[in-house]
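Trainee: Sharing a structure here in structure tokens format.
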Amino acid sequence: MVQLIDNDIRTREVLGWKGVHVLHFSGSSCSQKLRIFLNLKKIPWQSHPIDLPSYENMQPWFLGINPRGLVPVLVDDGAVYIESNDIIQYLEKKVPTPRLIPAGHENEVAALLKHEDDLHLDLRTLSFRFLFAPPGPPKSASALDSYLKNGAGTVQGVKDREKEVQIAFWQRAAKEGFTDEAARPAALKFRAEFDKLDRTLAEQDYLMGDDLSVLDIAWFIYEHRLSLAGYPFPRLHPHVHAWAEKFRAMPEFAKEVGQLRHSPKQLDAIRSAQAGRTLEAVAGF
Ligand SMILES: N[C@@H](CCC(=O)N[C@@H](CS)C(=O)NCC(=O)O)C(=O)O
């Protein structure tokens, strides 16, 4: 559980925030996952949007709250929690109904959520390559400089390396772009995961059995983002596609994945500029 300690937090005003506050971005996959969870739990919360495209997460105020510079963040009565999956597991304990982690399966779910989180940079690579498609470096050099210099640099009092991993990712992207060599293995990893999920969903309605759980939310978010990036779910993983369609029809889900960075017209323009270089073509699917 990643609850920050006093020394990690430089933006001291959050210590006085009462109730449930979430710092998030509309189009961020981890924020979407958390917002769907909050909707299903019917937990009231105060919204603090952090605009990732204008690098708000790399400025001193936000880094003073999350030294990793990532959304989402939960502030619950002045206690600061980072890492979307930890936040979800914390809230599940605090608000047990409706149950979204099956009783007795807490450790198993924690391990499965960790596995899902480990694919986050692969999702980001595919999103930036096939969906967001920025014309130049995705993050400016001055924003990365601010990212490097600000925030406590510690998580739970220990020097934290996650910011370095993030900065290295963006610097590499600035230098090389999101290449076929980076996109192909990322797509193949997802294909292996979704092959497994498809077999599970051929036998049961939800990933953990008969009831919806946090794993459905987490993997739906990946499915939805990858679908937008051109991943051919109906052809490769028909059970996953049918399962995701069910969620797209539910307001708790639909509301959170509806806002895109691009209008449908811009998306069409990105797709046609990719002629022959679509996710399907690059991955060889
Ligand atoms: N392991 C983290 C990952 C969080 C993460 O990478 N968030 C992304 C948005 S989905 C972010 O803040 N990106 C910063 C950026 O794009 O500059 C979690 O689950 O909370």
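Just remember, in the structure tokens the first chain shown is A, the second B, etc., residues are 1-based per chain, and ligands are 1-based in the order shown.
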Using 7 Å as the limit and counting only C-alpha atoms and all ligand atoms, can you tabulate each residue of chain A that touches ligand 1, with its shortest atom-to-atom distance in Å and the two atoms involved, as CSV?
Mentor:
residue,atom,partner,partner_atom_place_in_ligand_line,distance
A:Ser28,CA,ligand 1,10 (S),4.0
A:Ser29,CA,ligand 1,10 (S),4.4
A:Cys30,CA,ligand 1,10 (S),4.5
A:Ser31,CA,ligand 1,10 (S),6.3
A:Leu52,CA,ligand 1,17 (O),5.4
A:Tyr55,CA,ligand 1,17 (O),6.3
A:Asn57,CA,ligand 1,17 (O),6.3
A:Gly69,CA,ligand 1,12 (O),6.4
A:Leu70,CA,ligand 1,12 (O),3.3
A:Val71,CA,ligand 1,12 (O),4.0
A:Pro72,CA,ligand 1,20 (O),5.6
A:Ile82,CA,ligand 1,20 (O),6.3
A:Glu83,CA,ligand 1,20 (O),3.5
A:Ser84,CA,ligand 1,20 (O),3.8
A:Asn85,CA,ligand 1,19 (O),5.7
A:Asp117,CA,ligand 1,1 (N),5.7
A:His120,CA,ligand 1,6 (O),6.7
Trainee: Quick one: write out the picked residues with all heavy atoms as a compact mmCIF listing (two decimals), in the first residue's frame?
Mentor:
# COMPACT_ATOMS: atom_id res chain seq x y z
N SER A 28 -6.58 9.57 -18.97
CA SER A 28 -5.55 8.65 -18.45
C SER A 28 -6.18 7.30 -18.10
O SER A 28 -7.22 7.24 -17.43
CB SER A 28 -4.87 9.27 -17.22
OG SER A 28 -4.87 8.40 -16.12
N SER A 29 -5.56 6.23 -18.57
CA SER A 29 -6.15 4.91 -18.38
C SER A 29 -6.26 4.55 -16.89
O SER A 29 -7.28 4.01 -16.46
CB SER A 29 -5.35 3.84 -19.13
OG SER A 29 -4.02 3.84 -18.69
N CYS A 30 -5.23 4.88 -16.11
CA CYS A 30 -5.29 4.53 -14.68
C CYS A 30 -6.35 5.36 -13.96
O CYS A 30 -6.97 4.89 -13.01
CB CYS A 30 -3.94 4.78 -14.00
SG CYS A 30 -2.65 3.77 -14.67
N SER A 31 -6.53 6.61 -14.40
CA SER A 31 -7.57 7.45 -13.80
C SER A 31 -8.94 6.91 -14.18
O SER A 31 -9.87 6.89 -13.35
CB SER A 31 -7.46 8.90 -14.29
OG SER A 31 -6.18 9.42 -14.04
N LEU A 52 -2.51 16.42 -18.28
CA LEU A 52 -1.24 15.81 -18.70
C LEU A 52 -0.70 16.41 -20.00
O LEU A 52 0.51 16.66 -20.09
CB LEU A 52 -1.38 14.28 -18.85
CG LEU A 52 -1.81 13.49 -17.61
CD1 LEU A 52 -1.75 11.99 -17.88
CD2 LEU A 52 -0.96 13.84 -16.39
N TYR A 55 1.43 19.18 -19.33
CA TYR A 55 2.53 18.85 -18.40
C TYR A 55 2.27 19.34 -16.96
O TYR A 55 3.22 19.59 -16.22
CB TYR A 55 3.87 19.44 -18.88
CG TYR A 55 4.13 19.33 -20.35
CD1 TYR A 55 4.55 20.44 -21.09
CD2 TYR A 55 3.98 18.13 -21.02
CE1 TYR A 55 4.80 20.35 -22.45
CE2 TYR A 55 4.23 18.01 -22.38
CZ TYR A 55 4.63 19.13 -23.09
OH TYR A 55 4.88 19.03 -24.43
N ASN A 57 1.40 17.69 -14.53
CA ASN A 57 1.92 16.70 -13.57
C ASN A 57 3.43 16.83 -13.37
O ASN A 57 3.99 16.20 -12.49
CB ASN A 57 1.61 15.28 -14.07
CG ASN A 57 2.19 14.99 -15.44
OD1 ASN A 57 2.08 15.80 -16.35
ND2 ASN A 57 2.82 13.85 -15.60
N GLY A 69 5.01 11.99 -9.98
CA GLY A 69 4.47 12.78 -11.08
C GLY A 69 3.41 12.05 -11.89
O GLY A 69 3.21 12.37 -13.06
N LEU A 70 2.73 11.08 -11.29
CA LEU A 70 1.76 10.28 -12.03
C LEU A 70 0.36 10.44 -11.44
O LEU A 70 0.20 10.61 -10.22
CB LEU A 70 2.16 8.80 -12.00
CG LEU A 70 3.53 8.46 -12.61
CD1 LEU A 70 3.90 7.02 -12.30
CD2 LEU A 70 3.55 8.71 -14.11
N VAL A 71 -0.64 10.35 -12.31
CA VAL A 71 -2.03 10.28 -11.85
C VAL A 71 -2.51 8.84 -11.99
O VAL A 71 -1.98 8.10 -12.83
CB VAL A 71 -2.95 11.22 -12.66
CG1 VAL A 71 -2.64 12.67 -12.36
CG2 VAL A 71 -2.91 10.95 -14.15
N PRO A 72 -3.49 8.43 -11.19
CA PRO A 72 -4.25 9.21 -10.22
C PRO A 72 -3.58 9.25 -8.84
O PRO A 72 -2.68 8.46 -8.55
CB PRO A 72 -5.55 8.43 -10.13
CG PRO A 72 -5.13 6.99 -10.32
CD PRO A 72 -4.00 7.04 -11.31
N ILE A 82 -0.89 6.92 -3.51
CA ILE A 82 -0.57 6.89 -4.94
C ILE A 82 -0.67 5.43 -5.41
O ILE A 82 -0.84 4.53 -4.59
CB ILE A 82 0.83 7.49 -5.23
CG1 ILE A 82 1.93 6.70 -4.51
CG2 ILE A 82 0.87 8.95 -4.83
CD1 ILE A 82 3.34 7.08 -4.94
N GLU A 83 -0.55 5.25 -6.73
CA GLU A 83 -0.66 3.94 -7.39
C GLU A 83 -2.12 3.51 -7.44
O GLU A 83 -2.74 3.14 -6.44
CB GLU A 83 0.19 2.86 -6.70
CG GLU A 83 1.69 3.08 -6.85
CD GLU A 83 2.15 3.06 -8.32
OE1 GLU A 83 1.59 2.29 -9.12
OE2 GLU A 83 3.04 3.84 -8.65
N SER A 84 -2.66 3.51 -8.66
CA SER A 84 -4.10 3.26 -8.84
C SER A 84 -4.56 1.95 -8.19
O SER A 84 -5.61 1.92 -7.55
CB SER A 84 -4.46 3.26 -10.33
OG SER A 84 -3.71 2.29 -11.03
N ASN A 85 -3.77 0.90 -8.34
CA ASN A 85 -4.24 -0.39 -7.80
C ASN A 85 -4.22 -0.40 -6.27
O ASN A 85 -5.08 -1.02 -5.64
CB ASN A 85 -3.40 -1.54 -8.36
CG ASN A 85 -3.71 -1.76 -9.84
OD1 ASN A 85 -4.82 -1.47 -10.29
ND2 ASN A 85 -2.72 -2.22 -10.59
N ASP A 117 -0.46 -3.90 -14.04
CA ASP A 117 0.27 -2.62 -13.97
C ASP A 117 1.63 -2.72 -14.67
O ASP A 117 2.10 -1.75 -15.26
CB ASP A 117 0.45 -2.22 -12.50
CG ASP A 117 1.08 -0.85 -12.36
OD1 ASP A 117 0.58 0.10 -12.99
OD2 ASP A 117 2.11 -0.72 -11.65
N HIS A 120 1.88 -1.39 -18.15
CA HIS A 120 1.44 -0.01 -18.39
C HIS A 120 2.27 0.72 -19.44
O HIS A 120 1.73 1.43 -20.29
CB HIS A 120 1.43 0.77 -17.07
CG HIS A 120 0.79 2.10 -17.22
ND1 HIS A 120 -0.58 2.25 -17.26
CD2 HIS A 120 1.31 3.32 -17.41
CE1 HIS A 120 -0.86 3.52 -17.45
NE2 HIS A 120 0.27 4.20 -17.55
Trainee: I need the residues of stretch 51-258 of chain A that end up classed as strand (DSSP E or B) by DSSP on the backbone, written out as a list in words.
Mentor: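 Written out, the strand (DSSP E or B) residues of stretch 51-258 of chain A are Val73, Leu74, Val75, Asp76, Ala79, Val80, Tyr81, Ile82, Thr154, Val155, Val158, Lys159, Tyr206 and Gly209 of chain A.
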Trainee: Within 12 Å of A:Ala192, counting only C-alpha atoms, which residues show up once you throw out same-chain ones fewer than 5 positions away? Write them as a list in words, please.
Mentor: Leu119, Pro185, Ala186, Ala187, Leu197, Asp198, Arg199, Leu236 and His237 of chain A
Trainee: Please list as a count of residues only every residue within 10 Å of A:Phe128, counting only C-alpha atoms and excluding residues in the same chain fewer than 6 positions away.
Mentor: 7
Trainee: Smallest atom-to-atom distance to A:Ile101: which of A:Gln59, A:Gln89, A:Ser146, A:Ser140, using only C-alpha atoms?
Mentor: A:Gln89
Trainee: Quick one: everything within 6 Å of stretch 7-13 of chain A, counting only C-alpha atoms, minus sequence neighbours fewer than 6 positions away in the same chain. Send it as an NGL selection string.
Mentor: :A and (64-65 or 152 or 154-155)
Trainee: Excluding same-chain residues fewer than 5 positions from A:Glu256, what lies within 9 Å of it counting only C-alpha atoms, as a PyMOL selection string?
Mentor: chain A and resi 26-27+31-33+35-36+251
Trainee: Point out the residue among A:Tyr231, A:Val2, A:Gln266, A:Glu116 with the least atom-to-atom distance to A:Ala133, counting only C-alpha atoms.
Mentor: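 For A:Ala133, the nearest of the given residues is A:Gln266.
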Trainee: Between A:Gly157, A:Pro96, A:Pro238, A:Gly16, which has the minimum distance to A:Leu4 (counting only C-alpha atoms)?
Mentor: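 Smallest distance to A:Leu4 is found for A:Gly157.
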Trainee: Within 6 Å of A:Ile50, counting only C-alpha atoms, which residues qualify if same-chain residues fewer than 2 places away don't, as a PyMOL selection string?
Mentor: chain A and resi 24-25+56
Trainee: Would you write out those residues with N, CA, C and O atoms, as a CSV table (one decimal), in the first residue's frame?
Mentor:
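The new file out.csv reads:
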chain,number,residue,atom,x,y,z
A,24,HIS,N,-6.6,13.6,-11.1
A,24,HIS,CA,-6.7,12.6,-12.2
A,24,HIS,C,-6.8,13.4,-13.5
A,24,HIS,O,-6.8,14.6,-13.5
A,25,PHE,N,-6.7,12.6,-14.6
A,25,PHE,CA,-6.9,13.2,-15.9
A,25,PHE,C,-7.9,12.4,-16.7
A,25,PHE,O,-7.9,11.2,-16.7
A,56,GLU,N,1.0,19.5,-16.6
A,56,GLU,CA,0.7,19.9,-15.2
A,56,GLU,C,1.3,19.0,-14.2
A,56,GLU,O,1.6,19.4,-13.0
Trainee: Name the closest residue to A:Gln204 among the candidates A:His224, A:Arg184, A:Arg161, A:His239; distances are taken between atoms, counting only C-alpha atoms.
Mentor: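 Answer, going by the shortest atom-to-atom distance: A:His239.
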Trainee: So how many Å separate atom CA of A:Lys18 and atom CA of A:Gly78, to one decimal?
Mentor: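 Taking atom CA of A:Lys18 as the start and atom CA of A:Gly78 as the end point, the length is 6.4 Å.
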Trainee: Please report, as an MDAnalysis selection string, each residue of stretch 103-248 of chain A to which DSSP assigns helix (DSSP H, G or I) when run on this structure's backbone.
Mentor: chainID A and resid 106:117 120:132 141:149 162:176 180:203 214:228 233:236 238:248
Trainee: If you measure from atom CA of A:Ala79 to atom CA of A:Gln166, what distance in Å do you get, rounded to one decimal?
Mentor: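 The value is 24.4 Å.
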